[in-house]
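For reference, input-v4.txt (compact mmCIF, C-alpha atoms and all ligand atoms):
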```
# COMPACT_ATOMS: atom_id res chain seq x y z
CA MET J 1 20.38 -55.88 -12.18
CA ARG J 2 20.53 -53.06 -9.69
CA CYS J 3 24.30 -53.19 -9.66
CA ARG J 4 24.43 -53.10 -13.47
CA GLN J 5 22.09 -50.09 -13.46
CA ARG J 6 24.30 -48.30 -10.97
CA ILE J 7 27.40 -48.99 -13.07
CA LEU J 8 25.63 -47.67 -16.16
CA MET J 9 24.51 -44.54 -14.33
CA ALA J 10 27.99 -43.98 -12.97
CA ALA J 11 29.43 -44.43 -16.46
CA ALA J 12 26.92 -41.96 -17.90
CA PHE J 13 27.73 -39.46 -15.16
CA LEU J 14 31.45 -39.83 -15.73
CA SER J 15 31.15 -39.44 -19.47
CA ALA J 16 28.99 -36.31 -19.00
CA LEU J 17 31.67 -34.96 -16.68
CA THR J 18 34.51 -35.68 -19.09
CA GLY J 19 32.41 -34.23 -21.89
CA LEU J 20 31.92 -31.05 -19.88
CA ALA J 21 35.57 -30.90 -18.97
CA PHE J 22 36.53 -31.44 -22.59
CA SER J 23 34.19 -28.79 -23.98
CA GLY J 24 35.25 -26.40 -21.23
CA GLU J 25 38.89 -26.93 -22.10
CA ALA J 26 38.22 -26.79 -25.82
CA ARG J 27 36.35 -23.54 -25.34
CA GLY J 28 39.33 -22.15 -23.49
CA ARG J 29 41.54 -23.09 -26.42
CA LEU J 30 39.09 -22.45 -29.25
CA ILE J 31 40.53 -20.73 -32.33
CA GLY J 32 38.26 -19.21 -35.00
CA VAL J 33 39.38 -19.54 -38.62
CA ILE J 34 37.48 -17.81 -41.42
CA MET J 35 38.21 -18.51 -45.09
CA PRO J 36 36.58 -16.68 -48.02
CA THR J 37 35.29 -19.50 -50.17
CA ARG J 38 35.24 -23.23 -50.63
CA SER J 39 34.94 -22.87 -54.39
CA GLU J 40 38.66 -22.22 -54.87
CA GLU J 41 41.19 -24.99 -54.41
CA ARG J 42 43.72 -22.88 -52.56
CA TRP J 43 41.41 -21.83 -49.71
CA ILE J 44 40.44 -25.43 -49.05
CA LYS J 45 44.14 -26.28 -48.72
CA ASP J 46 44.66 -23.22 -46.50
CA GLY J 47 41.75 -24.07 -44.21
CA THR J 48 42.88 -27.69 -43.90
CA ALA J 49 46.50 -26.75 -43.18
CA VAL J 50 45.58 -24.27 -40.43
CA LYS J 51 42.93 -26.53 -38.84
CA GLU J 52 45.05 -29.67 -38.81
CA GLY J 53 48.13 -27.82 -37.57
CA LEU J 54 46.25 -26.24 -34.68
CA GLU J 55 44.50 -29.48 -33.77
CA LYS J 56 47.87 -31.24 -33.62
CA LEU J 57 48.88 -28.73 -30.95
CA GLY J 58 45.72 -29.51 -29.01
CA TYR J 59 43.61 -26.50 -29.98
CA ALA J 60 39.97 -26.79 -30.91
CA VAL J 61 39.23 -25.10 -34.23
CA ASP J 62 36.04 -23.61 -35.61
CA LEU J 63 36.71 -23.29 -39.36
CA GLN J 64 34.13 -21.46 -41.46
CA TYR J 65 33.89 -20.68 -45.18
CA SER J 66 31.95 -17.62 -46.28
CA ASP J 67 30.98 -18.50 -49.91
CA ASP J 68 32.44 -15.17 -51.07
CA ASP J 69 29.49 -13.45 -49.38
CA ILE J 70 30.41 -10.49 -47.19
CA ALA J 71 27.24 -10.64 -45.04
CA THR J 72 27.92 -14.31 -44.31
CA GLN J 73 31.49 -13.52 -43.34
CA THR J 74 30.52 -10.73 -40.94
CA ARG J 75 27.92 -12.99 -39.32
CA GLN J 76 30.42 -15.81 -38.94
CA ILE J 77 32.93 -13.53 -37.22
CA ASP J 78 30.22 -12.20 -34.86
CA ASP J 79 29.24 -15.80 -34.03
CA LEU J 80 32.83 -16.82 -33.33
CA ILE J 81 33.30 -13.85 -31.00
CA THR J 82 30.13 -14.89 -29.15
CA LYS J 83 31.44 -18.46 -28.92
CA GLY J 84 34.47 -17.09 -27.08
CA VAL J 85 37.31 -17.85 -29.51
CA LYS J 86 40.74 -16.92 -28.19
CA VAL J 87 42.29 -15.90 -31.53
CA LEU J 88 40.68 -15.05 -34.87
CA VAL J 89 42.37 -15.92 -38.16
CA ILE J 90 40.61 -14.15 -41.04
CA ALA J 91 41.06 -14.36 -44.81
CA SER J 92 38.66 -11.61 -45.84
CA ILE J 93 36.51 -11.23 -48.92
CA ASP J 94 36.47 -7.42 -48.91
CA GLY J 95 39.40 -6.31 -46.76
CA SER J 96 37.67 -3.08 -45.74
CA ALA J 97 34.27 -4.50 -44.85
CA LEU J 98 34.96 -5.95 -41.40
CA SER J 99 35.76 -2.91 -39.25
CA ASN J 100 32.78 -3.40 -36.90
CA GLN J 101 33.64 -7.06 -36.34
CA LEU J 102 37.28 -6.20 -35.70
CA GLU J 103 36.20 -3.58 -33.19
CA ASN J 104 34.08 -6.19 -31.40
CA ALA J 105 37.03 -8.59 -31.35
CA ALA J 106 39.29 -5.90 -29.88
CA ALA J 107 36.69 -5.14 -27.19
CA GLU J 108 36.87 -8.83 -26.19
CA LYS J 109 40.70 -8.76 -26.36
CA ILE J 110 40.73 -11.36 -29.13
CA PRO J 111 43.89 -11.00 -31.24
CA VAL J 112 43.18 -10.90 -34.97
CA ILE J 113 45.50 -12.33 -37.61
CA ALA J 114 44.84 -11.23 -41.19
CA TYR J 115 45.45 -14.37 -43.22
CA ASP J 116 46.95 -13.85 -46.69
CA ARG J 117 44.75 -10.79 -47.38
CA LEU J 118 45.39 -7.68 -45.31
CA LEU J 119 42.43 -6.35 -43.30
CA MET J 120 42.19 -2.69 -44.23
CA GLN J 121 41.21 0.61 -42.60
CA SER J 122 41.12 -0.73 -39.06
CA PRO J 123 43.48 -0.36 -36.11
CA ASN J 124 42.19 -3.67 -34.74
CA VAL J 125 44.39 -5.98 -36.77
CA ASP J 126 47.25 -7.46 -34.81
CA TYR J 127 49.26 -9.43 -37.36
CA TYR J 128 49.40 -10.22 -41.05
CA VAL J 129 50.67 -13.53 -42.43
CA SER J 130 51.09 -13.73 -46.19
CA PHE J 131 53.56 -13.95 -49.02
CA ASP J 132 55.46 -10.94 -50.25
CA ASN J 133 52.70 -9.85 -52.59
CA TYR J 134 54.79 -7.26 -54.42
CA LYS J 135 57.41 -9.95 -55.12
CA VAL J 136 54.67 -12.32 -56.27
CA GLY J 137 53.61 -9.63 -58.74
CA GLY J 138 57.24 -9.28 -59.81
CA GLN J 139 57.28 -13.00 -60.55
CA MET J 140 54.15 -12.56 -62.69
CA GLY J 141 56.09 -9.92 -64.63
CA ASP J 142 59.17 -12.17 -64.86
CA ILE J 143 57.02 -14.95 -66.31
CA LEU J 144 56.00 -12.70 -69.21
CA ILE J 145 59.53 -11.36 -69.68
CA ALA J 146 60.90 -14.90 -70.00
CA GLY J 147 57.96 -16.47 -71.86
CA LEU J 148 57.73 -13.66 -74.40
CA LYS J 149 61.53 -13.26 -74.64
CA LEU J 150 61.06 -9.54 -74.09
CA ASP J 151 64.79 -8.93 -73.87
CA ARG J 152 65.01 -9.77 -77.56
CA ALA J 153 61.92 -7.80 -78.65
CA THR J 154 62.22 -4.69 -80.83
CA ALA J 155 60.11 -1.58 -81.23
CA ALA J 156 59.74 -2.42 -84.93
CA LYS J 157 57.60 -5.40 -83.97
CA PRO J 158 56.33 -4.87 -80.43
CA VAL J 159 55.07 -7.78 -78.40
CA ILE J 160 51.32 -7.52 -77.84
CA ILE J 161 49.71 -8.22 -74.49
CA GLU J 162 46.52 -7.57 -72.50
CA LEU J 163 46.40 -7.04 -68.76
CA PHE J 164 44.23 -8.54 -66.02
CA ALA J 165 44.31 -7.67 -62.33
CA GLY J 166 42.68 -9.23 -59.27
CA SER J 167 39.70 -8.13 -57.22
CA PRO J 168 39.75 -4.39 -56.46
CA ASP J 169 38.55 -5.01 -52.87
CA ASP J 170 41.51 -7.32 -52.16
CA ASN J 171 44.63 -5.40 -51.15
CA ASN J 172 46.80 -8.18 -52.60
CA SER J 173 45.70 -7.12 -56.07
CA VAL J 174 47.58 -3.86 -55.58
CA GLY J 175 50.88 -5.60 -54.82
CA PHE J 176 50.44 -8.17 -57.58
CA TYR J 177 49.69 -5.56 -60.23
CA GLN J 178 52.29 -3.04 -59.09
CA GLY J 179 54.96 -5.74 -58.83
CA ALA J 180 54.22 -7.00 -62.33
CA MET J 181 53.91 -3.57 -63.94
CA ASP J 182 57.17 -2.38 -62.38
CA LYS J 183 58.92 -5.32 -64.06
CA LEU J 184 57.20 -4.64 -67.39
CA LYS J 185 57.67 -0.84 -67.33
CA PRO J 186 61.13 -0.78 -69.01
CA TYR J 187 59.68 -2.75 -71.93
CA PHE J 188 56.70 -0.39 -72.22
CA ASP J 189 59.13 2.53 -72.07
CA LYS J 190 61.23 1.05 -74.88
CA LYS J 191 58.00 0.46 -76.80
CA VAL J 192 58.80 -3.20 -77.30
CA LEU J 193 55.61 -4.05 -75.44
CA ALA J 194 52.14 -2.77 -76.33
CA VAL J 195 48.54 -3.09 -75.10
CA PRO J 196 46.26 -2.56 -78.13
CA SER J 197 43.12 -2.02 -76.03
CA GLY J 198 44.83 0.77 -74.09
CA GLN J 199 43.30 -0.73 -70.91
CA ILE J 200 46.05 -0.39 -68.34
CA ASP J 201 44.58 1.24 -65.26
CA ARG J 202 44.17 -1.29 -62.41
CA ALA J 203 40.60 -0.10 -61.84
CA VAL J 204 39.78 -0.93 -65.47
CA VAL J 205 41.59 -4.27 -65.72
CA GLY J 206 40.50 -5.54 -62.27
CA THR J 207 38.30 -8.63 -61.87
CA LEU J 208 35.76 -8.34 -59.06
CA ARG J 209 35.90 -11.36 -56.68
CA TRP J 210 38.55 -12.90 -58.97
CA ASP J 211 35.67 -14.13 -61.14
CA ALA J 212 37.19 -16.18 -63.97
CA ALA J 213 33.96 -16.10 -66.02
CA GLU J 214 33.96 -12.30 -65.88
CA ALA J 215 37.59 -12.25 -67.04
CA GLN J 216 36.75 -14.62 -69.88
CA LYS J 217 33.98 -12.26 -71.03
CA ARG J 218 36.36 -9.31 -70.88
CA MET J 219 38.93 -11.27 -72.91
CA GLU J 220 36.28 -12.14 -75.53
CA ASN J 221 35.31 -8.47 -75.81
CA LEU J 222 38.94 -7.37 -76.11
CA LEU J 223 39.59 -9.93 -78.84
CA SER J 224 36.60 -8.89 -80.89
CA ALA J 225 37.18 -5.16 -80.41
CA HIS J 226 40.97 -4.93 -80.88
CA TYR J 227 42.25 -8.03 -82.61
CA SER J 228 40.79 -7.97 -86.09
CA GLY J 229 43.02 -8.43 -89.12
CA ASP J 230 46.59 -9.43 -88.41
CA VAL J 231 46.87 -8.14 -84.82
CA VAL J 232 47.85 -11.21 -82.82
CA LEU J 233 47.80 -11.36 -79.04
CA ASN J 234 51.13 -12.70 -77.73
CA GLY J 235 50.66 -12.64 -73.96
CA ILE J 236 48.28 -12.07 -71.06
CA LEU J 237 49.16 -10.79 -67.59
CA SER J 238 47.04 -12.96 -65.30
CA PRO J 239 47.04 -12.78 -61.50
CA TYR J 240 45.18 -16.02 -60.85
CA ASP J 241 45.15 -19.51 -62.41
CA PRO J 242 41.40 -19.74 -63.11
CA ILE J 243 41.67 -16.39 -64.94
CA SER J 244 44.63 -17.77 -66.92
CA LEU J 245 42.60 -20.79 -67.96
CA SER J 246 39.43 -18.87 -68.80
CA THR J 247 41.22 -16.21 -70.86
CA LEU J 248 43.06 -19.00 -72.72
CA GLU J 249 39.63 -20.51 -73.47
CA ALA J 250 38.50 -17.19 -74.94
CA CYS J 251 41.58 -17.19 -77.17
CA LYS J 252 41.08 -20.78 -78.28
CA ALA J 253 37.49 -19.96 -79.22
CA VAL J 254 38.76 -17.52 -81.88
CA GLY J 255 41.41 -19.82 -83.27
CA TYR J 256 44.46 -19.31 -81.07
CA GLY J 257 46.39 -22.54 -80.76
CA SER J 258 44.77 -24.03 -83.84
CA THR J 259 45.45 -21.50 -86.60
CA PRO J 260 48.85 -20.96 -88.29
CA GLY J 261 50.42 -17.72 -87.02
CA LYS J 262 48.17 -17.69 -83.95
CA PRO J 263 49.86 -19.70 -81.19
CA LEU J 264 48.31 -19.61 -77.74
CA PRO J 265 49.43 -16.48 -75.90
CA VAL J 266 51.97 -16.75 -73.08
CA VAL J 267 50.01 -16.68 -69.82
CA GLY J 268 51.27 -16.90 -66.24
CA GLY J 269 49.08 -17.21 -63.18
CA GLN J 270 49.03 -17.77 -59.48
CA ASP J 271 48.19 -20.52 -56.98
CA CYS J 272 49.51 -23.55 -58.83
CA ILE J 273 46.09 -25.20 -58.99
CA VAL J 274 45.86 -28.75 -60.35
CA ALA J 275 44.12 -27.67 -63.58
CA SER J 276 46.85 -25.14 -64.29
CA VAL J 277 49.69 -27.56 -63.63
CA LYS J 278 48.00 -29.97 -66.06
CA SER J 279 47.71 -27.14 -68.57
CA ILE J 280 51.39 -26.23 -68.08
CA LEU J 281 52.41 -29.85 -68.65
CA ALA J 282 50.24 -29.89 -71.77
CA GLY J 283 52.11 -26.82 -73.07
CA GLU J 284 49.18 -24.39 -72.81
CA GLN J 285 49.43 -22.16 -69.70
CA TYR J 286 53.06 -21.08 -69.61
CA ALA J 287 53.70 -20.81 -65.86
CA THR J 288 52.19 -20.09 -62.46
CA VAL J 289 53.32 -18.78 -59.08
CA LEU J 290 53.25 -21.35 -56.29
CA LYS J 291 52.48 -19.99 -52.84
CA ASP J 292 52.74 -23.04 -50.65
CA THR J 293 49.62 -22.97 -48.49
CA ARG J 294 51.19 -25.56 -46.17
CA THR J 295 53.97 -23.11 -45.28
CA LEU J 296 51.48 -20.29 -44.81
CA GLY J 297 49.32 -22.56 -42.67
CA ALA J 298 52.30 -23.63 -40.54
CA ALA J 299 53.44 -20.02 -40.04
CA THR J 300 49.92 -19.11 -38.92
CA VAL J 301 49.68 -22.06 -36.55
CA SER J 302 52.96 -21.13 -34.95
CA LEU J 303 51.87 -17.48 -34.61
CA VAL J 304 48.57 -18.51 -32.97
CA ASP J 305 50.47 -20.78 -30.58
CA THR J 306 52.91 -18.00 -29.67
CA LEU J 307 49.99 -15.67 -28.89
CA MET J 308 48.18 -18.35 -26.90
CA ARG J 309 51.31 -18.82 -24.78
CA GLY J 310 51.25 -15.09 -24.07
CA LYS J 311 54.51 -14.46 -25.92
CA THR J 312 55.37 -11.73 -28.42
CA PRO J 313 56.11 -13.04 -31.91
CA ALA J 314 59.61 -12.27 -33.19
CA GLY J 315 60.93 -11.56 -36.67
CA MET J 316 57.98 -9.53 -37.96
CA ASP J 317 58.29 -7.08 -40.84
CA THR J 318 57.17 -3.77 -39.39
CA ALA J 319 57.65 -1.60 -42.45
CA SER J 320 55.87 -3.02 -45.47
CA TYR J 321 52.15 -3.17 -44.75
CA HIS J 322 50.16 -0.10 -43.76
CA ASN J 323 46.45 -0.88 -43.79
CA GLY J 324 45.26 2.72 -43.87
CA ALA J 325 45.02 2.90 -40.08
CA LYS J 326 48.34 1.45 -38.91
CA ILE J 327 51.37 -0.57 -39.91
CA VAL J 328 50.46 -4.20 -39.37
CA PRO J 329 53.37 -6.42 -38.25
CA SER J 330 53.73 -8.96 -41.02
CA LEU J 331 55.25 -12.32 -41.73
CA LEU J 332 55.95 -12.52 -45.46
CA LEU J 333 56.84 -15.81 -47.12
CA ASP J 334 58.53 -16.63 -50.41
CA SER J 335 56.84 -17.89 -53.54
CA VAL J 336 58.16 -19.92 -56.48
CA ILE J 337 57.63 -19.64 -60.24
CA VAL J 338 56.53 -22.98 -61.70
CA THR J 339 57.04 -23.81 -65.39
CA LYS J 340 57.12 -27.17 -67.15
CA GLU J 341 60.79 -27.46 -66.11
CA ASN J 342 60.32 -27.51 -62.34
CA VAL J 343 56.88 -29.12 -61.87
CA GLN J 344 58.58 -32.33 -60.80
CA LYS J 345 60.98 -30.70 -58.34
CA ASP J 346 58.80 -27.99 -56.80
CA VAL J 347 55.29 -29.40 -57.10
CA ILE J 348 55.46 -33.19 -57.16
CA ASP J 349 58.60 -33.98 -55.13
CA THR J 350 57.46 -31.60 -52.37
CA GLY J 351 54.07 -33.34 -52.29
CA TYR J 352 52.15 -30.14 -53.11
CA HIS J 353 50.24 -32.12 -55.75
CA THR J 354 50.51 -35.84 -56.23
CA VAL J 355 51.01 -37.60 -59.58
CA GLU J 356 47.52 -39.04 -59.09
CA GLU J 357 45.98 -35.56 -58.73
CA LEU J 358 47.84 -34.47 -61.85
CA GLY J 359 46.68 -37.55 -63.72
CA LEU J 360 50.26 -38.62 -64.52
C1 LIG L 1 45.31 -14.57 -52.95
C2 LIG L 1 45.59 -15.37 -54.18
C3 LIG L 1 44.29 -15.91 -54.75
C4 LIG L 1 43.25 -14.83 -54.86
C5 LIG L 1 41.92 -15.38 -55.27
C6 LIG L 1 44.33 -13.50 -53.26
O1 LIG L 1 44.09 -12.73 -52.15
O2 LIG L 1 46.51 -14.03 -52.46
O3 LIG L 1 46.45 -16.43 -53.88
O4 LIG L 1 44.52 -16.41 -56.02
O5 LIG L 1 43.13 -14.12 -53.67
O6 LIG L 1 41.41 -16.21 -54.31
```
Translate this file's structure into C-alpha cells.
Amino acid sequence: MRCRQRILMAAAFLSALTGLAFSGEARGRLIGVIMPTRSEERWIKDGTAVKEGLEKLGYAVDLQYSDDDIATQTRQIDDLITKGVKVLVIASIDGSALSNQLENAAAEKIPVIAYDRLLMQSPNVDYYVSFDNYKVGGQMGDILIAGLKLDRATAAKPVIIELFAGSPDDNNSVGFYQGAMDKLKPYFDKKVLAVPSGQIDRAVVGTLRWDAAEAQKRMENLLSAHYSGDVVLNGILSPYDPISLSTLEACKAVGYGSTPGKPLPVVGGQDCIVASVKSILAGEQYATVLKDTRTLGAATVSLVDTLMRGKTPAGMDTASYHNGAKIVPSLLLDSVIVTKENVQKDVIDTGYHTVEELGL
C-alpha cells in the first residue's frame, strides 16, 4: 500500500514537472493570433490555417476572435501582450484603432504582423501579409467587363450599374475600389457605362463593417429611387460575397430574375464563400475572387517561424504599402477569378471547398 502510494505521488510529481516544463516551453514559443470575427467564413478558415500551421511547427497558439468589436480586440491584444506572446498576428477591425496596443507590443519587443488588413497610422507594424489588394480590385473590375460584355457596349445604350465598396475603416477597401474603378474608367469615359444614382464616391458607396444587411438596404433604396419605368440595372460592383448575395436578394424582391426584360444583374464578389459558389453554379452570382486563405495562412506561419529563428525575412515588397507612418514590408499573394467555368479546377480540385460543402 505504502509502495503504491509512493509510486502515485512520484507520478503526480513527475506529471506536475512535465506540465510546468511544457507550459514554460509553450510560453516561450507562444504566438498570439487575432482575427476580426467568427461570423464570416473566411476568417474562420484563416484562423484555422494559421493556428494549425504554427502548431505543426511546435508553437503554442492563442487564437482569439473579436466579434467585430473594437474594444474587444484592443483588450485581447493587451491580454496577449501580458501573457508574453513572442509574435502578434493581427487582422484588425478598424486598422487605425490599435496604435496604443501596437506601442505596447513594441515596448515589449514583440514583432507585429498585420494579417490581410494593413494596420494604419503606426510605426509599430513590422510586416504585412496579404494579397495584392489593388489587383484584387482590378479583378472585380474585370469580372464586370467580361460579364457585362463592356467591350461591345455603345453610348447609345449604356450599361447600367451601381457601385458598392467595403468598410471605410479597412484599408483594403481603398485598393479594391481603386483597382476596380481604374479598370472601369475607360468605359465611364466612353459613356458606355452609367451609374443612374450618381453615387460614385467611395465614402458614399462604402459599407461599414462589410455589413451585407446594410448593403441590401442601400440596394433597395437605390432601386426604388432610381429604377422606375424602364431603367433596368445590369450590374453591381460588389467587393464581398455576402454583399453580392444580399444585393441580388434586393433585386429579386423587385422582380429581377423573374420578369421578362429584367434578368438578374451581373455581380462579382470576393472570398469565394460556399454560398456564393453555390449561387455561381446556379447561374445567379456571376463570379467571385478567390483569395486562398490556406496560402495566406502558410505564408504567415513561415514568416512567424523566420522571426522566431531570429532571421530577417527575404523577398518583401518594400514599395507598395505605406500605412501613414511608414512603409510596411509586405508579402503580397495572388488571387484568382472564379466563374462557373473554373469552379471545378480552382475550387474543388484544389480542395478549397469540397463537393459535400457545395452540396454537389
Ligand atoms: C478582406 C476581404 C473580406 C473583407 C470582409 C477584407 O479586409 O480582405 O477578404 O471579404 O475584409 O471581411
Given 10 Å and all atoms listed in the file, residues near ligand LIG 1 (chain L) as a PyMOL selection string: chain J and resi 36-37+39-43+68+91-95+115-118+130-133+136+166-167+169-173+175-176+209-212+239-243+269-273+289-293
May I have the selected residues written with C-alpha atoms, as an mmCIF file, keeping the file's coordinate frame?
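Now in selection11.cif:
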```cif
data_model
loop_
_atom_site.group_PDB
_atom_site.id
_atom_site.type_symbol
_atom_site.label_atom_id
_atom_site.label_comp_id
_atom_site.auth_asym_id
_atom_site.auth_seq_id
_atom_site.Cartn_x
_atom_site.Cartn_y
_atom_site.Cartn_z
ATOM 1 C CA PRO J 36 36.580 -16.680 -48.020
ATOM 2 C CA THR J 37 35.290 -19.500 -50.170
ATOM 3 C CA SER J 39 34.940 -22.870 -54.390
ATOM 4 C CA GLU J 40 38.660 -22.220 -54.870
ATOM 5 C CA GLU J 41 41.190 -24.990 -54.410
ATOM 6 C CA ARG J 42 43.720 -22.880 -52.560
ATOM 7 C CA TRP J 43 41.410 -21.830 -49.710
ATOM 8 C CA ASP J 68 32.440 -15.170 -51.070
ATOM 9 C CA ALA J 91 41.060 -14.360 -44.810
ATOM 10 C CA SER J 92 38.660 -11.610 -45.840
ATOM 11 C CA ILE J 93 36.510 -11.230 -48.920
ATOM 12 C CA ASP J 94 36.470 -7.420 -48.910
ATOM 13 C CA GLY J 95 39.400 -6.310 -46.760
ATOM 14 C CA TYR J 115 45.450 -14.370 -43.220
ATOM 15 C CA ASP J 116 46.950 -13.850 -46.690
ATOM 16 C CA ARG J 117 44.750 -10.790 -47.380
ATOM 17 C CA LEU J 118 45.390 -7.680 -45.310
ATOM 18 C CA SER J 130 51.090 -13.730 -46.190
ATOM 19 C CA PHE J 131 53.560 -13.950 -49.020
ATOM 20 C CA ASP J 132 55.460 -10.940 -50.250
ATOM 21 C CA ASN J 133 52.700 -9.850 -52.590
ATOM 22 C CA VAL J 136 54.670 -12.320 -56.270
ATOM 23 C CA GLY J 166 42.680 -9.230 -59.270
ATOM 24 C CA SER J 167 39.700 -8.130 -57.220
ATOM 25 C CA ASP J 169 38.550 -5.010 -52.870
ATOM 26 C CA ASP J 170 41.510 -7.320 -52.160
ATOM 27 C CA ASN J 171 44.630 -5.400 -51.150
ATOM 28 C CA ASN J 172 46.800 -8.180 -52.600
ATOM 29 C CA SER J 173 45.700 -7.120 -56.070
ATOM 30 C CA GLY J 175 50.880 -5.600 -54.820
ATOM 31 C CA PHE J 176 50.440 -8.170 -57.580
ATOM 32 C CA ARG J 209 35.900 -11.360 -56.680
ATOM 33 C CA TRP J 210 38.550 -12.900 -58.970
ATOM 34 C CA ASP J 211 35.670 -14.130 -61.140
ATOM 35 C CA ALA J 212 37.190 -16.180 -63.970
ATOM 36 C CA PRO J 239 47.040 -12.780 -61.500
ATOM 37 C CA TYR J 240 45.180 -16.020 -60.850
ATOM 38 C CA ASP J 241 45.150 -19.510 -62.410
ATOM 39 C CA PRO J 242 41.400 -19.740 -63.110
ATOM 40 C CA ILE J 243 41.670 -16.390 -64.940
ATOM 41 C CA GLY J 269 49.080 -17.210 -63.180
ATOM 42 C CA GLN J 270 49.030 -17.770 -59.480
ATOM 43 C CA ASP J 271 48.190 -20.520 -56.980
ATOM 44 C CA CYS J 272 49.510 -23.550 -58.830
ATOM 45 C CA ILE J 273 46.090 -25.200 -58.990
ATOM 46 C CA VAL J 289 53.320 -18.780 -59.080
ATOM 47 C CA LEU J 290 53.250 -21.350 -56.290
ATOM 48 C CA LYS J 291 52.480 -19.990 -52.840
ATOM 49 C CA ASP J 292 52.740 -23.040 -50.650
ATOM 50 C CA THR J 293 49.620 -22.970 -48.490
#
```
Distance in Å - CA of Gly58 in chain J versus CA of Leu331 in chain J: 23.4 Å
Selection: 8 Å around Pro111 in chain J, all atoms listed in the file, excl. self and same-chain fewer than 2 positions, as a PyMOL selection string: chain J and resi 86-88+105-106+109+113+125-126
For the residues in the current selection, export C-alpha atoms as a tab-separated table (two decimals), keeping the file's coordinate frame.
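Dumped everything to again-v9.tsv:
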```tsv
chain	number	residue	atom	x	y	z
J	86	LYS	CA	40.74	-16.92	-28.19
J	87	VAL	CA	42.29	-15.90	-31.53
J	88	LEU	CA	40.68	-15.05	-34.87
J	105	ALA	CA	37.03	-8.59	-31.35
J	106	ALA	CA	39.29	-5.90	-29.88
J	109	LYS	CA	40.70	-8.76	-26.36
J	113	ILE	CA	45.50	-12.33	-37.61
J	125	VAL	CA	44.39	-5.98	-36.77
J	126	ASP	CA	47.25	-7.46	-34.81
```
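Distances from J:Val301, J:Asp189, J:Ile200, J:Tyr134 to Lys56 in chain J were compared using all atoms listed in the file, and the smallest one belongs to J:Val301.
The neighbours of Val231 in chain J here are the residues that come within 12 Å of it, using only C-alpha atoms and leaving out any residue fewer than 2 positions away in the same chain; they are Lys157, Pro158, Val159, Ile160, Ile161, Ala194, Val195, Pro196, Ser197, Leu222, Leu223, Ser224, Ala225, His226, Tyr227, Ser228, Gly229, Leu233, Asn234, Gly261 and Lys262 of chain J.
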Keeping only C-alpha atoms, write the selected residues as a PDB file, in the coordinates of the input.
```pdb
ATOM      1  CA  LYS J 157      57.600  -5.400 -83.970  1.00  0.00           C
ATOM      2  CA  PRO J 158      56.330  -4.870 -80.430  1.00  0.00           C
ATOM      3  CA  VAL J 159      55.070  -7.780 -78.400  1.00  0.00           C
ATOM      4  CA  ILE J 160      51.320  -7.520 -77.840  1.00  0.00           C
ATOM      5  CA  ILE J 161      49.710  -8.220 -74.490  1.00  0.00           C
ATOM      6  CA  ALA J 194      52.140  -2.770 -76.330  1.00  0.00           C
ATOM      7  CA  VAL J 195      48.540  -3.090 -75.100  1.00  0.00           C
ATOM      8  CA  PRO J 196      46.260  -2.560 -78.130  1.00  0.00           C
ATOM      9  CA  SER J 197      43.120  -2.020 -76.030  1.00  0.00           C
ATOM     10  CA  LEU J 222      38.940  -7.370 -76.110  1.00  0.00           C
ATOM     11  CA  LEU J 223      39.590  -9.930 -78.840  1.00  0.00           C
ATOM     12  CA  SER J 224      36.600  -8.890 -80.890  1.00  0.00           C
ATOM     13  CA  ALA J 225      37.180  -5.160 -80.410  1.00  0.00           C
ATOM     14  CA  HIS J 226      40.970  -4.930 -80.880  1.00  0.00           C
ATOM     15  CA  TYR J 227      42.250  -8.030 -82.610  1.00  0.00           C
ATOM     16  CA  SER J 228      40.790  -7.970 -86.090  1.00  0.00           C
ATOM     17  CA  GLY J 229      43.020  -8.430 -89.120  1.00  0.00           C
ATOM     18  CA  LEU J 233      47.800 -11.360 -79.040  1.00  0.00           C
ATOM     19  CA  ASN J 234      51.130 -12.700 -77.730  1.00  0.00           C
ATOM     20  CA  GLY J 261      50.420 -17.720 -87.020  1.00  0.00           C
ATOM     21  CA  LYS J 262      48.170 -17.690 -83.950  1.00  0.00           C
TER      22      LYS J 262
END
```
Report as a PDB file with C-alpha atoms, keeping the file's coordinate frame all protein, DNA and RNA residues lying within 8 Å of Gly297 in chain J, evaluated on only C-alpha atoms, omitting residues in the same chain fewer than 4 positions from it.
```
ATOM      1  CA  ASP J  46      44.660 -23.220 -46.500  1.00  0.00           C
ATOM      2  CA  GLY J  47      41.750 -24.070 -44.210  1.00  0.00           C
ATOM      3  CA  ALA J  49      46.500 -26.750 -43.180  1.00  0.00           C
ATOM      4  CA  VAL J  50      45.580 -24.270 -40.430  1.00  0.00           C
ATOM      5  CA  GLY J  53      48.130 -27.820 -37.570  1.00  0.00           C
ATOM      6  CA  THR J 293      49.620 -22.970 -48.490  1.00  0.00           C
ATOM      7  CA  VAL J 301      49.680 -22.060 -36.550  1.00  0.00           C
TER       8      VAL J 301
END
```
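Of the residues listed (J:Leu264, J:Ile44, J:Leu296, J:Val204), J:Leu296 shows the shortest atom-to-atom separation from Asp334 in chain J; distances use only C-alpha atoms.
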Residue nearest Pro123 in chain J - candidates J:Asn323, J:Leu281, J:Gly141, J:Leu163, atoms counted: only C-alpha atoms: J:Asn323
Shell around Ala146 in chain J at 12 Å using all atoms listed in the file, local window under 2 positions removed, as a PyMOL selection string: chain J and resi 139-144+148-153+183-184+235+266-268+286-287+337+339
Nearest to His322 in chain J by atom-to-atom distance, counting only C-alpha atoms, from J:Leu119, J:Val112, J:Leu57, J:Val85: J:Leu119
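Taking only C-alpha atoms into account, Arg294 in chain J lies nearest to J:Leu333 out of the set J:Leu245, J:Ile70, J:Ala282, J:Leu333.
When only C-alpha atoms are used to measure the gap to Lys51 in chain J, the shortest distance among J:Leu307, J:Ala298, J:Leu332, J:Leu208 belongs to J:Ala298.
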Contacts of His353 in chain J at 9 Å (only C-alpha atoms; same-chain gap of 5+ positions) as a ChimeraX atom specification: /J:273-274,347-348,358
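Interatomic distance, CA of Met316 in chain J against CA of Pro329 in chain J: 5.6 Å.
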Interatomic distance, CA of Ala107 in chain J to CA of Ile81 in chain J (Å, one decimal): 10.1 Å
